[in-house]
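**Q** So here's target_13.tsv (TSV, C-alpha atoms and all ligand atoms).
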```tsv
chain	number	residue	atom	x	y	z
G	1	MET	CA	95.01	99.64	77.41
G	2	LYS	CA	91.52	98.23	77.68
G	3	VAL	CA	89.30	100.31	79.95
G	4	LEU	CA	86.80	98.27	81.88
G	5	GLN	CA	83.66	99.77	83.37
G	6	VAL	CA	82.71	97.96	86.54
G	7	ARG	CA	79.71	98.20	88.87
G	8	PHE	CA	79.69	96.76	92.37
G	9	ALA	CA	76.13	96.17	93.55
G	10	GLY	CA	75.37	95.41	97.19
G	11	GLY	CA	71.97	93.81	97.67
G	12	ASP	CA	70.17	90.47	97.66
G	13	ILE	CA	71.88	88.92	94.62
G	14	GLY	CA	75.40	88.00	93.62
G	15	PRO	CA	78.00	85.26	93.93
G	16	TRP	CA	79.80	87.02	96.81
G	17	ARG	CA	78.49	86.85	100.38
G	18	ILE	CA	79.21	89.97	102.43
G	19	ASP	CA	80.72	88.76	105.70
G	20	ARG	CA	81.77	92.15	107.04
G	21	LEU	CA	81.01	95.74	106.07
G	22	GLU	CA	82.48	98.41	108.29
G	23	ALA	CA	83.40	102.05	108.03
G	24	VAL	CA	87.09	102.57	108.75
G	25	LEU	CA	86.75	106.34	108.30
G	26	GLY	CA	83.70	108.47	107.48
G	27	ASP	CA	80.23	107.28	106.58
G	28	PRO	CA	79.54	103.55	106.14
G	29	LEU	CA	77.48	101.99	103.35
G	30	PRO	CA	74.10	100.39	104.08
G	31	PRO	CA	74.34	96.72	105.02
G	32	ALA	CA	73.58	94.08	102.38
G	33	PRO	CA	73.85	90.28	102.30
G	34	ARG	CA	75.36	89.80	98.80
G	35	LEU	CA	77.51	91.53	96.20
G	36	ALA	CA	77.41	91.30	92.41
G	37	VAL	CA	80.30	92.54	90.26
G	38	LEU	CA	79.10	93.65	86.84
G	39	ASP	CA	81.68	94.15	84.12
G	40	GLY	CA	80.59	96.47	81.33
G	41	PRO	CA	78.18	99.40	81.12
G	42	GLU	CA	75.17	97.49	79.84
G	43	GLY	CA	72.43	95.77	81.69
G	44	SER	CA	70.08	96.86	84.40
G	45	PRO	CA	71.29	96.62	87.97
G	46	PRO	CA	70.34	93.52	89.92
G	47	ILE	CA	66.91	93.60	91.51
G	48	GLY	CA	67.14	94.50	95.15
G	49	ALA	CA	70.44	96.40	94.90
G	50	THR	CA	70.80	98.60	97.98
G	51	TRP	CA	73.82	100.46	96.63
G	52	ILE	CA	75.82	100.51	93.39
G	53	LEU	CA	79.36	101.83	93.07
G	54	HIS	CA	80.77	102.64	89.61
G	55	GLY	CA	84.42	102.60	88.65
G	56	VAL	CA	86.69	102.29	85.63
G	57	THR	CA	90.08	100.71	85.25
G	58	SER	CA	92.63	103.16	83.93
G	59	SER	CA	96.26	103.69	83.05
G	60	GLU	CA	98.78	103.87	85.89
G	61	ARG	CA	99.54	107.26	87.48
G	62	TYR	CA	102.57	106.57	89.66
G	63	VAL	CA	104.29	103.32	88.68
G	64	ASN	CA	107.78	103.68	87.20
G	65	ARG	CA	109.35	101.29	84.69
G	66	ALA	CA	111.20	99.17	87.26
G	67	GLU	CA	108.13	98.90	89.49
G	68	ARG	CA	105.98	97.89	86.54
G	69	ALA	CA	108.43	95.14	85.68
G	70	ALA	CA	108.42	93.90	89.28
G	71	LEU	CA	104.62	93.98	89.42
G	72	THR	CA	104.22	92.22	86.08
G	73	ALA	CA	106.66	89.50	87.10
G	74	ARG	CA	104.77	88.70	90.30
G	75	GLN	CA	101.11	89.60	90.01
G	76	GLN	CA	98.38	87.07	89.37
G	77	GLY	CA	95.05	87.63	87.64
G	78	LEU	CA	91.62	87.72	89.22
G	79	GLY	CA	89.37	84.68	89.23
G	80	ARG	CA	91.77	82.02	90.55
G	81	ALA	CA	89.71	79.03	91.74
G	82	GLU	CA	91.32	79.03	95.20
G	83	ALA	CA	90.88	82.79	95.70
G	84	THR	CA	87.52	82.67	97.45
G	85	CYS	CA	88.10	85.71	99.69
G	86	ALA	CA	87.72	89.21	98.32
G	87	PRO	CA	87.93	92.58	100.02
G	88	LEU	CA	86.29	95.55	98.29
G	89	ILE	CA	87.67	98.72	99.89
G	90	PRO	CA	86.18	101.96	98.55
G	91	ILE	CA	88.33	104.99	99.40
G	92	ARG	CA	87.95	108.75	99.08
G	93	LYS	CA	90.91	111.09	99.46
G	94	SER	CA	90.72	114.71	100.61
G	95	GLU	CA	90.72	117.90	98.53
G	96	ALA	CA	94.25	118.50	99.85
G	97	TRP	CA	95.40	115.34	98.02
G	98	TRP	CA	93.80	116.33	94.73
G	99	GLU	CA	95.29	119.81	94.94
G	100	LEU	CA	98.82	118.39	95.02
G	101	THR	CA	100.81	118.08	91.81
G	102	GLN	CA	101.51	114.68	90.29
G	103	ASP	CA	105.14	114.84	91.53
G	104	GLU	CA	104.05	115.65	95.07
G	105	ARG	CA	101.54	112.81	95.09
G	106	ARG	CA	104.12	110.31	93.82
G	107	GLU	CA	106.53	111.48	96.54
G	108	ILE	CA	103.95	110.80	99.26
G	109	PHE	CA	102.61	107.61	97.66
G	110	GLU	CA	105.92	105.84	97.10
G	111	GLU	CA	109.00	107.65	98.40
G	112	ARG	CA	107.40	108.31	101.80
G	113	SER	CA	104.72	105.63	102.08
G	114	ARG	CA	106.30	102.74	100.09
G	115	HIS	CA	102.87	101.69	98.80
G	116	ILE	CA	104.21	99.72	95.83
G	117	ALA	CA	107.25	98.31	97.65
G	118	THR	CA	105.02	97.15	100.51
G	119	GLY	CA	102.33	95.78	98.21
G	120	LEU	CA	104.90	93.80	96.21
G	121	GLU	CA	105.71	91.76	99.34
G	122	TYR	CA	102.15	90.37	99.20
G	123	LEU	CA	102.27	89.18	95.60
G	124	PRO	CA	101.43	86.72	94.18
G	125	ALA	CA	99.18	85.69	97.12
G	126	VAL	CA	96.96	88.74	96.68
G	127	ALA	CA	95.53	89.60	93.24
G	128	ARG	CA	94.24	93.14	92.75
G	129	ARG	CA	92.36	95.50	90.48
G	130	LEU	CA	92.11	99.24	90.97
G	131	HIS	CA	89.03	101.14	89.76
G	132	HIS	CA	88.91	104.92	89.52
G	133	SER	CA	85.75	106.83	90.42
G	134	HIS	CA	86.97	110.36	91.12
G	135	ASP	CA	85.93	111.75	87.73
G	136	LEU	CA	82.60	109.90	87.67
G	137	GLY	CA	80.92	112.00	90.36
G	138	GLN	CA	80.91	109.01	92.67
G	139	PRO	CA	81.00	109.03	96.48
G	140	PHE	CA	84.48	107.39	96.43
G	141	ASP	CA	87.63	108.13	94.42
G	142	PHE	CA	88.83	104.53	94.23
G	143	LEU	CA	87.23	101.11	94.42
G	144	THR	CA	90.01	98.72	95.36
G	145	TRP	CA	89.39	95.00	94.85
G	146	PHE	CA	91.55	92.10	96.01
G	147	GLU	CA	91.32	88.31	95.86
G	148	PHE	CA	93.20	85.64	97.79
G	149	ALA	CA	92.84	82.15	99.23
G	150	PRO	CA	91.54	81.82	102.83
G	151	ASP	CA	95.08	80.90	103.96
G	152	HIS	CA	96.22	84.44	103.16
G	153	ALA	CA	93.50	86.28	105.07
G	154	ARG	CA	95.83	87.04	107.96
G	155	VAL	CA	98.64	88.46	105.83
G	156	PHE	CA	96.12	90.68	104.07
G	157	GLU	CA	95.16	92.18	107.47
G	158	GLU	CA	98.83	92.90	108.04
G	159	LEU	CA	99.07	94.62	104.64
G	160	VAL	CA	96.08	96.94	105.21
G	161	ALA	CA	97.32	97.76	108.71
G	162	ARG	CA	100.72	98.75	107.29
G	163	LEU	CA	99.19	100.91	104.56
G	164	ARG	CA	96.82	102.63	106.99
G	165	ARG	CA	99.81	103.82	109.02
G	166	THR	CA	101.44	105.62	106.06
G	167	ALA	CA	101.63	109.31	105.13
G	168	GLU	CA	99.42	108.51	102.11
G	169	TRP	CA	96.58	107.45	104.40
G	170	THR	CA	96.53	110.83	106.19
G	171	TYR	CA	94.79	112.01	103.00
G	172	VAL	CA	92.08	109.34	103.21
G	173	GLU	CA	88.83	110.85	104.47
G	174	ARG	CA	86.42	108.01	103.77
G	175	GLU	CA	87.14	104.28	103.73
G	176	VAL	CA	84.76	101.35	103.93
G	177	ASP	CA	86.10	97.83	104.36
G	178	ILE	CA	83.88	95.17	102.79
G	179	ARG	CA	84.90	91.53	103.12
G	180	LEU	CA	83.43	88.95	100.79
G	181	VAL	CA	83.45	85.21	100.41
G	182	ARG	CA	82.53	83.49	97.17
G	183	ALA	CA	79.57	81.37	98.13
G	184	PRO	CA	76.76	79.79	96.12
G	185	GLY	CA	73.20	80.79	96.80
G	186	GLY	CA	73.10	84.44	95.81
Q	1	LIG	C1	98.24	93.65	97.19
Q	1	LIG	C2	99.23	94.50	97.27
Q	1	LIG	C3	99.14	95.85	96.62
Q	1	LIG	C4	99.85	96.26	95.55
Q	1	LIG	C5	100.91	95.46	94.80
Q	1	LIG	C6	99.40	97.60	95.23
Q	1	LIG	C7	99.88	98.34	94.19
Q	1	LIG	C8	99.39	99.56	93.81
Q	1	LIG	C9	99.89	100.32	92.69
Q	1	LIG	C10	101.01	99.88	91.78
Q	1	LIG	C11	99.16	101.45	92.63
Q	1	LIG	C12	99.40	102.62	91.69
Q	1	LIG	C13	98.70	102.50	90.36
Q	1	LIG	C14	99.05	103.73	89.56
Q	1	LIG	O1	100.24	103.91	89.22
Q	1	LIG	O2	98.13	104.52	89.27
Q	1	LIG	C15	98.19	101.40	93.68
Q	1	LIG	C16	97.24	102.37	93.91
Q	1	LIG	C17	96.32	102.32	94.92
Q	1	LIG	N1	96.20	101.33	95.86
Q	1	LIG	FE1	97.39	99.73	96.07
Q	1	LIG	N2	98.45	97.98	96.13
Q	1	LIG	C18	98.25	96.95	97.00
Q	1	LIG	C19	97.37	96.94	98.06
Q	1	LIG	C20	96.48	97.94	98.37
Q	1	LIG	C21	95.53	97.90	99.46
Q	1	LIG	C22	95.39	96.74	100.45
Q	1	LIG	C23	94.79	99.04	99.38
Q	1	LIG	C24	93.65	99.49	100.25
Q	1	LIG	C25	93.54	99.20	101.55
Q	1	LIG	C26	95.27	99.80	98.25
Q	1	LIG	C27	94.76	100.99	97.82
Q	1	LIG	C28	95.18	101.68	96.72
Q	1	LIG	C29	94.62	102.95	96.30
Q	1	LIG	C30	93.48	103.71	96.96
Q	1	LIG	C31	95.33	103.34	95.18
Q	1	LIG	C32	95.13	104.61	94.36
Q	1	LIG	C33	96.04	105.68	94.90
Q	1	LIG	C34	95.93	106.99	94.17
Q	1	LIG	O3	95.90	107.00	92.93
Q	1	LIG	O4	95.86	108.03	94.85
Q	1	LIG	N3	96.31	99.11	97.66
Q	1	LIG	N4	98.35	100.25	94.39
```
With the file now loaded, output its structure as structure tokens.

**A**
Amino acid sequence: MKVLQVRFAGGDIGPWRIDRLEAVLGDPLPPAPRLAVLDGPEGSPPIGATWILHGVTSSERYVNRAERAALTARQQGLGRAEATCAPLIPIRKSEAWWELTQDERREIFEERSRHIATGLEYLPAVARRLHHSHDLGQPFDFLTWFEFAPDHARVFEELVARLRRTAEWTYVEREVDIRLVRAPGG
């Protein structure tokens, strides 16, 4: 698979306007008016960036064959013209999570928490891309990115509320919820 290096820069520049930035758990990030998403390792960060989060796309850890087929059949790509709303939700999980074995994590993630089964209910309305940061010495383990049309903003709230009530989320120790709207002027 193609690994993509991605930087999310909060600051004065970028096509996304930051409408909301709040700490769900743990420390927040400094406020900023705009967000730029930079694909690839090259290039200096935008002038005026207040914070930059690095992540890489990677191979799947937990998805089984049947789930992959279901995801592939339903998921849509990023960049749809109508998908002008985008949450960026950086998440860090606890040491206790990382000390579990792969089997134990899968058990909590899917058999107990139904992360994939629940998420599938929200496709194709919500498009997503997961970035890993755990091995990059970053403040978060995951940078989760979603895109949808304004009409689906309410169902997305329902989805995050459902996930935050799961056994998986008891291992989350830092989560920042950043809501963006694609808007000219940045
Ligand atoms: C739109 C519906 C969603 C679908 C279909 C979905 C699907 C998935 C899948 C398949 C994985 C596992 C990838 C792998 O095998 O490594 C995953 C991981 C993850 N997702 Fe979701 N997800 C959805 C929504 C969300 C939301 C709303 C959040 C955050 C609030 C979230 C946070 C995460 C995190 C943090 C991981 C990494 C878990 C880990 O490796 O420990 N997901 N998601």

**Q** As an exercise, work out the distance from atom C24 of ligand LIG 1 (chain Q) to CA of Ile47 (chain G) in Å and give it to one decimal place.

**A**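 Atom-to-atom, atom C24 of ligand LIG 1 (chain Q) and CA of Ile47 (chain G) are spaced 28.7 Å apart.
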
**Q** Counting all atoms listed in the file, which of G:Pro150, G:Ala9, G:Ser59, G:Gly186 gets nearest to Glu82 (chain G)?

**A**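 Looking only at the distances to Glu82 (chain G), the closest residue turns out to be G:Pro150.
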
**Q** Considering all atoms listed in the file, tabulate each residue of chain G that lies at most 7 Å from ligand LIG 1 (chain Q) along with its nearest interatomic pair and the corresponding distance in Å to one decimal; arrange the rows by chain and ascending residue number and present them as CSV.

**A**
```
residue,atom,partner,partner_atom,distance
G:Ser59,CA,Q:LIG1,O2,6.5
G:Glu60,CA,Q:LIG1,O2,3.5
G:Arg61,CA,Q:LIG1,O2,3.6
G:Tyr62,CA,Q:LIG1,O1,3.6
G:Val63,CA,Q:LIG1,O1,4.1
G:Leu71,CA,Q:LIG1,C5,6.7
G:Ile89,CA,Q:LIG1,C24,6.0
G:Ile91,CA,Q:LIG1,C30,5.8
G:His115,CA,Q:LIG1,N2,6.4
G:Ile116,CA,Q:LIG1,C7,4.8
G:Gly119,CA,Q:LIG1,C2,3.5
G:Leu120,CA,Q:LIG1,C5,4.5
G:Tyr122,CA,Q:LIG1,C2,5.4
G:Leu123,CA,Q:LIG1,C1,6.2
G:Val126,CA,Q:LIG1,C1,5.1
G:Ala127,CA,Q:LIG1,C1,6.3
G:Arg128,CA,Q:LIG1,C1,6.0
G:Leu130,CA,Q:LIG1,C17,6.5
G:Phe142,CA,Q:LIG1,C30,5.5
G:Thr144,CA,Q:LIG1,C27,5.8
G:Phe146,CA,Q:LIG1,C1,7.0
G:Leu159,CA,Q:LIG1,C22,6.0
G:Val160,CA,Q:LIG1,C22,4.8
G:Leu163,CA,Q:LIG1,C25,6.6
```

**Q** Out of G:Asn64, G:Thr50, G:Thr84, G:Thr72, which residue has the shortest atom-to-atom distance to Pro15 (chain G) when counting all atoms listed in the file?

**A** G:Thr84

**Q** Quick one: residues within 8 Å of Val37 (chain G), all atoms listed in the file, excluding same-chain residues fewer than 6 positions away - as a compact mmCIF listing (two decimals) with C-alpha atoms, in the frame of the given file?

**A**
```
# COMPACT_ATOMS: atom_id res chain seq x y z
CA VAL G 6 82.71 97.96 86.54
CA ARG G 7 79.71 98.20 88.87
CA PHE G 8 79.69 96.76 92.37
CA ALA G 9 76.13 96.17 93.55
CA GLY G 14 75.40 88.00 93.62
```

**Q** Between G:Ala117, G:Ser133, G:Asp177, G:Arg162, which is the closest to Ala70 (chain G) once you count all atoms listed in the file?

**A** G:Ala117

**Q** Quick one: pull the distance between CA of Glu147 (chain G) and CA of Arg68 (chain G), Å, one decimal.

**A**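 Separating CA of Glu147 (chain G) from CA of Arg68 (chain G) is a distance of 19.8 Å.
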
**Q** List every protein, DNA or RNA residue that has an atom no more than 8 Å from (84.9, 107.8, 97.0) in the file's coordinate frame, counting all atoms listed in the file, and report them as an MDAnalysis selection string.

**A** chainID G and resid 90:93 133:134 138:143 174:175

**Q** Skipping near chain neighbours, those fewer than 4 positions away, what residues fall within 8 Å of Ile18 (chain G) using only C-alpha atoms, listed as number ranges by chain?

**A** G: 32-35, 178-181

**Q** From the options G:Ser44, G:Ser94, G:Thr118, G:Gln5, which residue's atoms come nearest to Ser58 (chain G), counting all atoms listed in the file?

**A**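 Closest to Ser58 (chain G), using all atoms listed in the file: G:Gln5.
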
**Q** Mind pulling up the distance from CA of Ala167 (chain G) to CA of Ile108 (chain G)?

**A**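 Rounded to one decimal, the two atoms are 6.5 Å apart.
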
**Q** Out of G:Pro184, G:Thr170, G:His131, G:Arg20, which residue has the shortest atom-to-atom distance to Ala96 (chain G) when counting all atoms listed in the file?

**A**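 Of G:Pro184, G:Thr170, G:His131, G:Arg20, the one nearest Ala96 (chain G) is G:Thr170, counting all atoms listed in the file.
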
**Q** Once 3 Å is added on each side, what centre and edge lengths in Å to one decimal does the axis-aligned box around all listed atoms of region 102-111 of chain G have, as JSON?

**A**
```
{"center_x": 105.3, "center_y": 110.7, "center_z": 94.8, "size_x": 13.5, "size_y": 15.8, "size_z": 15.0}
```

**Q** Go through G:Ala83, G:Leu136, G:Trp169, G:Ala36 one by one, measure the shortest atom-to-atom distance of each to Glu110 (chain G) using all atoms listed in the file, and give the residue with the smallest value.

**A**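 Residue with the minimum atom-to-atom distance to Glu110 (chain G): G:Trp169.
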
**Q** List as a VMD selection string: which residues have an atom within 12 Å of (79.6, 97.6, 79.8), counting all atoms listed in the file?

**A** chain G and resid 3 to 7 37 to 45 54 to 56

**Q** Please supply region 155-171 of chain G, rebuilt with N, CA, C and O atoms, as a tab-separated table (two decimals), in the frame of the given file.

**A**
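Once everything was written out, this is part.tsv:
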```tsv
chain	number	residue	atom	x	y	z
G	155	VAL	N	97.61	87.56	106.37
G	155	VAL	CA	98.64	88.46	105.83
G	155	VAL	C	98.00	89.68	105.16
G	155	VAL	O	98.58	90.77	105.16
G	156	PHE	N	96.79	89.51	104.65
G	156	PHE	CA	96.12	90.68	104.07
G	156	PHE	C	95.81	91.71	105.16
G	156	PHE	O	95.95	92.91	104.93
G	157	GLU	N	95.41	91.24	106.35
G	157	GLU	CA	95.16	92.18	107.47
G	157	GLU	C	96.42	92.95	107.80
G	157	GLU	O	96.37	94.14	108.09
G	158	GLU	N	97.54	92.25	107.76
G	158	GLU	CA	98.83	92.90	108.04
G	158	GLU	C	99.11	93.98	106.99
G	158	GLU	O	99.51	95.10	107.31
G	159	LEU	N	98.83	93.66	105.72
G	159	LEU	CA	99.07	94.62	104.64
G	159	LEU	C	98.21	95.88	104.82
G	159	LEU	O	98.74	97.00	104.77
G	160	VAL	N	96.92	95.73	105.07
G	160	VAL	CA	96.08	96.94	105.21
G	160	VAL	C	96.49	97.73	106.44
G	160	VAL	O	96.51	98.97	106.40
G	161	ALA	N	96.87	97.04	107.50
G	161	ALA	CA	97.32	97.76	108.71
G	161	ALA	C	98.57	98.58	108.40
G	161	ALA	O	98.70	99.73	108.84
G	162	ARG	N	99.49	98.02	107.64
G	162	ARG	CA	100.72	98.75	107.29
G	162	ARG	C	100.39	99.98	106.43
G	162	ARG	O	100.91	101.07	106.67
G	163	LEU	N	99.52	99.78	105.44
G	163	LEU	CA	99.19	100.91	104.56
G	163	LEU	C	98.46	102.01	105.32
G	163	LEU	O	98.69	103.20	105.08
G	164	ARG	N	97.61	101.61	106.26
G	164	ARG	CA	96.82	102.63	106.99
G	164	ARG	C	97.69	103.46	107.93
G	164	ARG	O	97.25	104.50	108.39
G	165	ARG	N	98.90	103.03	108.17
G	165	ARG	CA	99.81	103.82	109.02
G	165	ARG	C	100.69	104.78	108.22
G	165	ARG	O	101.55	105.44	108.79
G	166	THR	N	100.52	104.84	106.90
G	166	THR	CA	101.44	105.62	106.06
G	166	THR	C	100.99	107.08	105.92
G	166	THR	O	99.85	107.43	106.21
G	167	ALA	N	101.93	107.89	105.42
G	167	ALA	CA	101.63	109.31	105.13
G	167	ALA	C	100.50	109.40	104.09
G	167	ALA	O	99.64	110.29	104.18
G	168	GLU	N	100.49	108.48	103.13
G	168	GLU	CA	99.42	108.51	102.11
G	168	GLU	C	98.04	108.47	102.77
G	168	GLU	O	97.13	109.18	102.35
G	169	TRP	N	97.91	107.64	103.79
G	169	TRP	CA	96.58	107.45	104.40
G	169	TRP	C	96.11	108.67	105.19
G	169	TRP	O	94.93	108.76	105.54
G	170	THR	N	97.00	109.62	105.50
G	170	THR	CA	96.53	110.83	106.19
G	170	THR	C	95.64	111.65	105.26
G	170	THR	O	94.95	112.56	105.70
G	171	TYR	N	95.66	111.33	103.96
G	171	TYR	CA	94.79	112.01	103.00
G	171	TYR	C	93.48	111.27	102.76
G	171	TYR	O	92.64	111.72	101.99
```
